[in-house]
$ cat coords_12.txt   # compact mmCIF, C-alpha atoms
# COMPACT_ATOMS: atom_id res chain seq x y z
CA MET A 193 -24.75 17.25 15.15
CA ASP A 194 -22.08 14.95 16.53
CA GLN A 195 -18.31 15.20 16.74
CA PHE A 196 -16.21 12.61 14.95
CA GLU A 197 -12.54 11.82 14.80
CA VAL A 198 -11.56 10.19 11.54
CA LYS A 199 -8.29 8.56 10.59
CA VAL A 200 -7.66 8.11 6.89
CA PHE A 201 -4.86 5.90 5.58
CA VAL A 202 -3.70 6.52 2.00
CA ARG A 203 -1.41 3.99 0.38
CA LEU A 204 0.18 3.67 -3.03
CA ARG A 205 -1.50 0.87 -4.93
CA PRO A 206 0.55 -2.33 -4.94
CA SER A 207 1.18 -1.93 -8.69
CA VAL A 208 2.86 1.48 -8.19
CA LEU A 209 6.58 1.43 -7.48
CA ASP A 210 7.50 3.24 -4.23
CA PRO A 211 11.14 4.33 -4.63
CA ALA A 212 11.09 6.30 -1.34
CA GLY A 213 9.97 3.12 0.47
CA GLU A 214 12.83 1.24 -1.17
CA ALA A 215 15.29 3.90 0.05
CA ILE A 216 14.01 3.61 3.63
CA LYS A 217 14.14 -0.17 3.42
CA SER A 218 17.78 0.14 2.44
CA ALA A 219 18.48 2.56 5.34
CA SER A 220 16.66 0.27 7.79
CA SER A 221 19.08 -2.55 7.09
CA LYS A 222 21.91 -0.27 8.32
CA LEU A 223 20.43 -0.50 11.84
CA GLY A 224 21.17 -4.20 11.78
CA VAL A 225 17.54 -5.26 11.54
CA ALA A 226 17.44 -8.16 9.16
CA GLY A 227 14.50 -9.69 7.37
CA ILE A 228 12.60 -6.65 6.04
CA LYS A 229 10.87 -8.06 2.98
CA SER A 230 8.93 -5.00 1.94
CA LEU A 231 8.56 -1.40 3.10
CA ARG A 232 6.11 1.06 1.60
CA ILE A 233 5.25 4.60 2.65
CA GLY A 234 1.71 5.89 3.01
CA LYS A 235 -0.02 8.88 4.54
CA MET A 236 -2.26 9.15 7.57
CA ILE A 237 -4.68 12.06 7.71
CA GLU A 238 -6.50 12.90 10.97
CA VAL A 239 -9.75 14.79 10.65
CA LYS A 240 -11.98 16.16 13.39
CA ILE A 241 -15.38 16.87 11.93
CA GLU A 242 -18.83 17.90 13.06
CA SER A 243 -21.53 16.13 11.13
CA HIS A 244 -24.89 14.45 11.33
CA GLU A 245 -24.30 10.78 11.97
CA GLU A 246 -26.17 9.76 8.82
CA ASP A 247 -23.89 11.97 6.64
CA ILE A 248 -20.48 11.23 8.08
CA LYS A 249 -19.59 8.25 5.90
CA GLU A 250 -20.68 9.98 2.72
CA ASN A 251 -18.66 13.10 3.59
CA ILE A 252 -15.51 11.13 4.36
CA GLU A 253 -15.90 9.04 1.19
CA LEU A 254 -16.18 12.26 -0.83
CA LEU A 255 -13.05 13.72 0.77
CA CYS A 256 -11.07 10.51 0.27
CA ASP A 257 -12.15 9.92 -3.29
CA ARG A 258 -11.84 13.51 -4.54
CA LEU A 259 -9.00 14.97 -2.49
CA PHE A 260 -7.09 12.86 0.03
CA ALA A 261 -6.26 10.08 -2.47
CA ASN A 262 -5.72 9.96 -6.20
CA THR A 263 -7.34 6.64 -6.98
CA VAL A 264 -5.27 6.26 -10.15
CA ILE A 265 -2.27 5.56 -7.94
CA GLU A 266 -3.58 5.24 -4.37
CA ASP A 267 -5.98 3.21 -2.24
CA TYR A 268 -7.54 4.51 0.96
CA GLU A 269 -9.24 3.21 4.07
CA TYR A 270 -10.53 5.01 7.13
CA SER A 271 -11.87 4.56 10.63
CA ILE A 272 -14.56 6.80 12.13
CA ASN A 273 -14.73 7.34 15.86
CA LYS A 274 -17.68 9.19 17.40
CA LEU A 275 -16.47 11.45 20.23
CA MET B 108 -10.42 41.98 -34.24
CA ALA B 109 -8.38 41.75 -31.05
CA SER B 110 -5.02 40.04 -31.45
CA PHE B 111 -4.65 36.42 -30.44
CA THR B 112 -3.89 36.20 -26.72
CA VAL B 113 -2.46 33.30 -24.76
CA GLY B 114 -3.50 33.19 -21.10
CA ILE B 115 -0.84 32.03 -18.64
CA VAL B 116 -2.29 30.78 -15.37
CA VAL B 117 -0.55 31.87 -12.17
CA PHE B 118 -1.07 29.74 -9.07
CA PRO B 119 0.60 30.41 -5.73
CA GLY B 120 3.89 28.60 -6.31
CA SER B 121 4.00 28.78 -10.13
CA ASN B 122 7.53 29.70 -11.19
CA CYS B 123 7.70 29.20 -14.97
CA ASP B 124 4.89 31.65 -15.78
CA ARG B 125 7.28 34.46 -16.68
CA ASP B 126 9.49 32.11 -18.72
CA VAL B 127 6.46 31.15 -20.81
CA SER B 128 5.53 34.81 -21.25
CA TRP B 129 9.10 35.68 -22.26
CA ALA B 130 9.21 32.85 -24.81
CA LEU B 131 5.83 33.74 -26.34
CA GLU B 132 6.25 37.51 -26.36
CA GLY B 133 10.00 37.83 -26.88
CA CYS B 134 10.66 34.95 -29.25
CA LEU B 135 7.35 34.60 -31.07
CA ASP B 136 5.70 38.01 -30.76
CA ILE B 137 2.53 36.41 -29.36
CA LYS B 138 0.50 38.48 -26.89
CA THR B 139 0.10 36.98 -23.40
CA LYS B 140 -1.98 37.72 -20.36
CA PHE B 141 -1.39 36.43 -16.83
CA LEU B 142 -4.49 34.88 -15.28
CA TRP B 143 -4.62 34.64 -11.48
CA HIS B 144 -5.97 31.24 -10.50
CA GLU B 145 -8.96 32.80 -8.71
CA SER B 146 -10.22 34.32 -11.94
CA SER B 147 -12.87 32.33 -13.74
CA ASP B 148 -13.35 34.62 -16.73
CA LEU B 149 -11.54 33.10 -19.70
CA ASN B 150 -13.29 35.15 -22.39
CA ASP B 151 -10.27 37.38 -23.11
CA VAL B 152 -7.91 34.57 -24.03
CA ASP B 153 -7.76 32.25 -27.03
CA SER B 154 -5.58 29.51 -25.57
CA ILE B 155 -4.14 28.72 -22.15
CA VAL B 156 -0.84 27.57 -20.67
CA LEU B 157 -0.63 25.95 -17.24
CA PRO B 158 3.04 26.63 -16.45
CA GLY B 159 5.56 24.71 -14.39
CA GLY B 160 6.34 25.27 -10.75
CA PHE B 161 5.07 24.06 -7.41
CA SER B 162 1.43 25.11 -7.18
CA TYR B 163 0.33 25.16 -3.53
CA GLY B 164 3.77 23.88 -2.56
CA ASP B 165 2.97 20.46 -4.06
CA TYR B 166 1.08 19.78 -0.81
CA LEU B 167 -0.66 16.39 -0.63
CA ARG B 168 0.25 15.53 -4.25
CA CYS B 169 1.59 17.67 -7.11
CA GLY B 170 -1.35 19.50 -8.68
CA ALA B 171 -3.89 18.12 -6.22
CA ILE B 172 -4.99 21.44 -4.70
CA ALA B 173 -4.69 23.60 -7.84
CA ARG B 174 -7.47 21.51 -9.25
CA PHE B 175 -9.99 23.24 -6.97
CA SER B 176 -9.26 26.78 -8.17
CA PRO B 177 -12.10 28.67 -9.92
CA LEU B 178 -9.99 28.92 -13.05
CA ILE B 179 -9.68 25.14 -13.39
CA THR B 180 -13.46 24.85 -12.97
CA SER B 181 -13.89 27.24 -15.93
CA LEU B 182 -11.27 25.36 -17.89
CA HIS B 183 -13.71 22.48 -18.46
CA ASP B 184 -15.91 24.63 -20.70
CA PHE B 185 -12.85 26.20 -22.31
CA VAL B 186 -11.57 22.75 -23.31
CA LYS B 187 -15.03 21.65 -24.50
CA SER B 188 -15.10 24.68 -26.81
CA GLY B 189 -12.04 23.23 -28.58
CA ARG B 190 -9.59 25.94 -27.56
CA ARG B 191 -6.05 24.81 -26.84
CA VAL B 192 -4.56 24.11 -23.41
CA LEU B 193 -0.89 23.34 -22.81
CA GLY B 194 0.19 21.98 -19.42
CA ILE B 195 3.93 22.03 -18.82
CA CYS B 196 5.48 20.04 -15.94
CA ASN B 197 3.38 21.09 -12.91
CA GLY B 198 0.76 22.08 -15.49
CA PHE B 199 0.73 18.46 -16.73
CA GLN B 200 0.37 17.26 -13.14
CA ILE B 201 -2.61 19.61 -12.68
CA LEU B 202 -4.21 18.32 -15.91
CA THR B 203 -4.01 14.71 -14.70
CA GLU B 204 -5.20 15.52 -11.17
CA SER B 205 -8.13 17.47 -12.64
CA GLY B 206 -9.13 14.63 -14.96
CA PHE B 207 -8.41 16.44 -18.25
CA LEU B 208 -5.81 13.78 -19.04
CA PRO B 209 -5.59 10.18 -17.79
CA GLY B 210 -2.89 8.74 -15.52
CA ALA B 211 -0.78 10.39 -12.81
CA LEU B 212 2.72 11.75 -12.26
CA VAL B 213 4.64 10.20 -9.36
CA ALA B 214 8.13 10.40 -7.84
CA ASN B 215 11.01 9.66 -10.20
CA LYS B 216 12.21 6.08 -9.94
CA ASN B 217 15.69 7.12 -8.78
CA LEU B 218 14.22 9.75 -6.36
CA ASN B 219 16.47 12.44 -7.86
CA PHE B 220 15.26 15.81 -9.03
CA ILE B 221 16.36 15.54 -12.66
CA CYS B 222 17.48 18.68 -14.45
CA ASP B 223 18.75 17.80 -17.91
CA ASP B 224 18.28 18.05 -21.66
CA VAL B 225 16.55 14.96 -23.04
CA ASP B 226 16.04 13.52 -26.50
CA LEU B 227 12.43 12.81 -27.33
CA ASN B 228 10.57 11.00 -30.08
CA VAL B 229 7.47 12.73 -31.39
CA ILE B 230 4.83 10.00 -31.50
CA THR B 231 1.57 11.62 -32.53
CA SER B 232 0.59 14.37 -34.92
CA LYS B 233 -2.75 14.75 -33.12
CA GLY B 234 -3.49 18.38 -32.32
CA GLY B 235 -0.57 19.59 -34.41
CA TRP B 236 1.53 20.36 -31.33
CA PHE B 237 4.75 19.13 -32.92
CA GLN B 238 6.24 19.45 -36.33
CA LYS B 239 5.93 15.88 -37.59
CA LEU B 240 8.14 15.76 -40.64
CA ASN B 241 8.66 12.02 -40.71
CA GLU B 242 8.11 8.84 -38.70
CA THR B 243 11.20 9.33 -36.57
CA GLN B 244 10.94 12.98 -35.68
CA ASN B 245 13.25 13.77 -32.74
CA ILE B 246 13.46 16.86 -30.58
CA LYS B 247 15.58 17.89 -27.60
CA LEU B 248 13.96 19.69 -24.66
CA PRO B 249 14.97 20.38 -21.05
CA ILE B 250 13.32 18.57 -18.13
CA ALA B 251 13.37 19.66 -14.49
CA HIS B 252 11.24 17.56 -12.16
CA GLY B 253 11.18 15.35 -9.09
CA GLU B 254 7.75 13.86 -9.77
CA GLY B 255 7.68 13.20 -13.49
CA ARG B 256 7.22 9.45 -13.69
CA TYR B 257 4.08 8.98 -15.74
CA HIS B 258 1.97 6.14 -14.37
CA CYS B 259 -1.15 4.55 -15.77
CA ASP B 260 -2.72 1.09 -15.74
CA GLN B 261 -2.51 -1.30 -18.70
CA ASP B 262 -6.03 -0.50 -19.93
CA THR B 263 -5.24 3.21 -20.02
CA LEU B 264 -1.94 2.57 -21.77
CA LYS B 265 -3.73 0.50 -24.42
CA LYS B 266 -6.28 3.29 -24.91
CA LEU B 267 -3.50 5.89 -25.22
CA THR B 268 -1.68 3.74 -27.75
CA ASP B 269 -4.74 2.65 -29.77
CA ASN B 270 -6.08 6.22 -30.02
CA ASP B 271 -2.70 7.78 -30.84
CA LEU B 272 -2.72 9.95 -27.70
CA ILE B 273 0.94 9.55 -26.74
CA ALA B 274 2.58 12.80 -27.80
CA LEU B 275 6.21 12.32 -26.74
CA LYS B 276 8.39 9.47 -25.53
CA TYR B 277 11.85 9.71 -23.97
CA LYS B 278 14.54 8.08 -26.08
CA THR B 279 16.30 7.14 -22.84
CA ASN B 280 13.82 6.93 -20.00
CA PRO B 281 15.14 9.22 -17.21
CA ASN B 282 12.47 8.73 -14.53
CA GLY B 283 10.83 5.30 -14.92
CA SER B 284 7.75 6.56 -16.81
CA THR B 285 5.34 3.91 -18.06
CA SER B 286 6.20 3.13 -21.69
CA ASP B 287 8.76 6.03 -21.72
CA ILE B 288 5.89 8.54 -21.86
CA ALA B 289 6.85 12.23 -21.60
CA GLY B 290 3.61 13.80 -22.85
CA ILE B 291 0.06 12.93 -23.87
CA THR B 292 -2.94 14.61 -25.47
CA ASN B 293 -6.66 14.28 -24.91
CA GLU B 294 -8.81 12.54 -27.54
CA LYS B 295 -9.70 15.78 -29.31
CA GLY B 296 -6.04 16.80 -29.39
CA ASN B 297 -6.63 20.31 -28.02
CA VAL B 298 -5.11 19.53 -24.59
CA LEU B 299 -1.42 18.61 -24.32
CA GLY B 300 0.39 17.78 -21.08
CA LEU B 301 4.13 17.20 -21.05
CA MET B 302 6.92 17.10 -18.49
CA PRO B 303 9.63 18.74 -20.69
CA HIS B 304 9.77 22.55 -20.88
CA PRO B 305 9.34 23.89 -24.44
CA GLU B 306 9.56 27.47 -23.12
CA ARG B 307 13.17 26.82 -22.10
CA ALA B 308 14.12 25.86 -25.65
CA CYS B 309 13.11 28.91 -27.66
CA ASP B 310 16.41 30.65 -28.34
CA GLU B 311 19.72 29.28 -29.65
CA SER B 312 21.59 31.33 -27.04
CA ILE B 313 20.10 29.17 -24.25
CA GLY B 314 20.70 25.86 -25.94
CA GLY B 315 18.07 25.14 -28.56
CA ILE B 316 14.87 26.10 -30.33
CA ASP B 317 12.98 22.79 -30.38
CA GLY B 318 10.29 24.24 -28.12
CA LEU B 319 9.29 27.02 -30.51
CA TYR B 320 6.97 24.92 -32.65
CA THR B 321 4.87 23.75 -29.71
CA LEU B 322 4.46 27.27 -28.33
CA ARG B 323 3.66 28.68 -31.77
CA SER B 324 1.01 26.00 -32.21
CA LEU B 325 -0.93 27.65 -29.36
CA ILE B 326 -2.20 30.17 -31.90
CA THR B 327 -3.54 27.57 -34.33
CA GLN B 328 -7.31 27.72 -34.30
$ encode --input "coords_12.txt" --output "structure tokens"
Amino acid sequence: MDQFEVKVFVRLRPSVLDPAGEAIKSASSKLGVAGIKSLRIGKMIEVKIESHEEDIKENIELLCDRLFANTVIEDYEYSINKL
Amino acid sequence: MASFTVGIVVFPGSNCDRDVSWALEGCLDIKTKFLWHESSDLNDVDSIVLPGGFSYGDYLRCGAIARFSPLITSLHDFVKSGRRVLGICNGFQILTESGFLPGALVANKNLNFICDDVDLNVITSKGGWFQKLNETQNIKLPIAHGEGRYHCDQDTLKKLTDNDLIALKYKTNPNGSTSDIAGITNEKGNVLGLMPHPERACDESIGGIDGLYTLRSLITQ
């Protein structure tokens, strides 16, 4: 068994309106930073997991597809780092 | 023969379970039984309500964690048997997250938690959940949600429309829902999910009785 550190990024699909992102974009402009064309909010999930190396990708795919993201509205990507 | 019993599922964070029980027992004289989400025995109940609230604190996404409860696992066979399941508000979110109904519920377009009475058009007669007297049947029900914007892709919307699965549409869209959708049914018609709260419209003294028909329809076989 090996130890892995996994970072999962979950994002709303481009076709799904992100009103919270719009609100933050509007607040950002109040800091005087011009030029923000788009701002969207996602989630980052950090997982430390013990697994056989041959199973790690399958396990993370399962978690992403069935729990971390709702693929009706979200896309996900991840990076796996062996510790 | 035992009397018809409606099971009301209680998750940690449910908060409309007692309202549903009050409406069914007090207004309609229908027997109810609370079902803790860890129970998987659904033999004692004839139909099921997934009530509103904030199951598991809405962590991750509304309804995302409730989906893994033993009761929801048993619900698949319950639905296959043709018995009726009504998901109200958070219950609707759980039904979409669990795959009983297509689409998803996301944050309201204006980011507000909306608590209001809304006018709705009854679209389908599938499942007999609404009294459909004529083509332009209207009802008024309360809504109370922060994540009630129904979202689905164009293919799903076409399927919902072509198969007459859209149950309710808002007359004035309050939350940005795709195609003004407030509620949908499954293909068989025995599962209904809706954001408005019929249990809060069951007595004239609290503002209306347009929810009575839907709750009474839980005891149709």
$ interface_residues --input "coords_12.txt" --of "chain B" --to "chain A" --cutoff "9 Å" --atoms "all atoms listed in the file" --output "PDB file with C-alpha atoms, in the coordinates of the input"
ATOM      1  CA  LEU B 167      -0.660  16.390  -0.630  1.00  0.00           C
ATOM      2  CA  ARG B 168       0.250  15.530  -4.250  1.00  0.00           C
ATOM      3  CA  ALA B 171      -3.890  18.120  -6.220  1.00  0.00           C
ATOM      4  CA  ILE B 172      -4.990  21.440  -4.700  1.00  0.00           C
ATOM      5  CA  GLU B 204      -5.200  15.520 -11.170  1.00  0.00           C
ATOM      6  CA  PRO B 209      -5.590  10.180 -17.790  1.00  0.00           C
ATOM      7  CA  GLY B 210      -2.890   8.740 -15.520  1.00  0.00           C
ATOM      8  CA  ALA B 211      -0.780  10.390 -12.810  1.00  0.00           C
ATOM      9  CA  VAL B 213       4.640  10.200  -9.360  1.00  0.00           C
ATOM     10  CA  ALA B 214       8.130  10.400  -7.840  1.00  0.00           C
ATOM     11  CA  ASN B 215      11.010   9.660 -10.200  1.00  0.00           C
ATOM     12  CA  LYS B 216      12.210   6.080  -9.940  1.00  0.00           C
ATOM     13  CA  ASN B 217      15.690   7.120  -8.780  1.00  0.00           C
ATOM     14  CA  LEU B 218      14.220   9.750  -6.360  1.00  0.00           C
ATOM     15  CA  HIS B 258       1.970   6.140 -14.370  1.00  0.00           C
ATOM     16  CA  CYS B 259      -1.150   4.550 -15.770  1.00  0.00           C
ATOM     17  CA  ASP B 260      -2.720   1.090 -15.740  1.00  0.00           C
TER      18      ASP B 260
END
$ closest_residue --input "coords_12.txt" --among "A:Phe201, A:Met193, A:Glu238, A:Glu214" --to "Glu266 in chain A" --atoms "all atoms listed in the file"
A:Phe201
$ closest_residue --input "coords_12.txt" --among "A:Ile216, A:Val198, A:Leu255, A:Val239" --to "Asn273 in chain A" --atoms "all atoms listed in the file"
A:Val198
$ residues_near_point --input "coords_12.txt" --point "(5.7, -0.1, 1.7)" --cutoff "8 Å" --atoms "only C-alpha atoms" --output "ChimeraX atom specification"
/A:210,213-214,230-234
$ atom_distance --input "coords_12.txt" --atom1 "CA of Thr279 in chain B" --atom2 "CA of Ile201 in chain B"
24.8 Å
$ residues_near_point --input "coords_12.txt" --point "(11.4, 18.4, -18.0)" --cutoff "9 Å" --atoms "only C-alpha atoms" --output "list in words"
Ile195, Cys196, Ile221, Cys222, Asp223, Asp224, Val225, Leu248, Pro249, Ile250, Ala251, His252, Gly255, Ala289, Leu301, Met302, Pro303, His304 and Pro305 of chain B
$ atom_distance --input "coords_12.txt" --atom1 "CA of Gly159 in chain B" --atom2 "CA of Lys138 in chain B"
19.3 Å
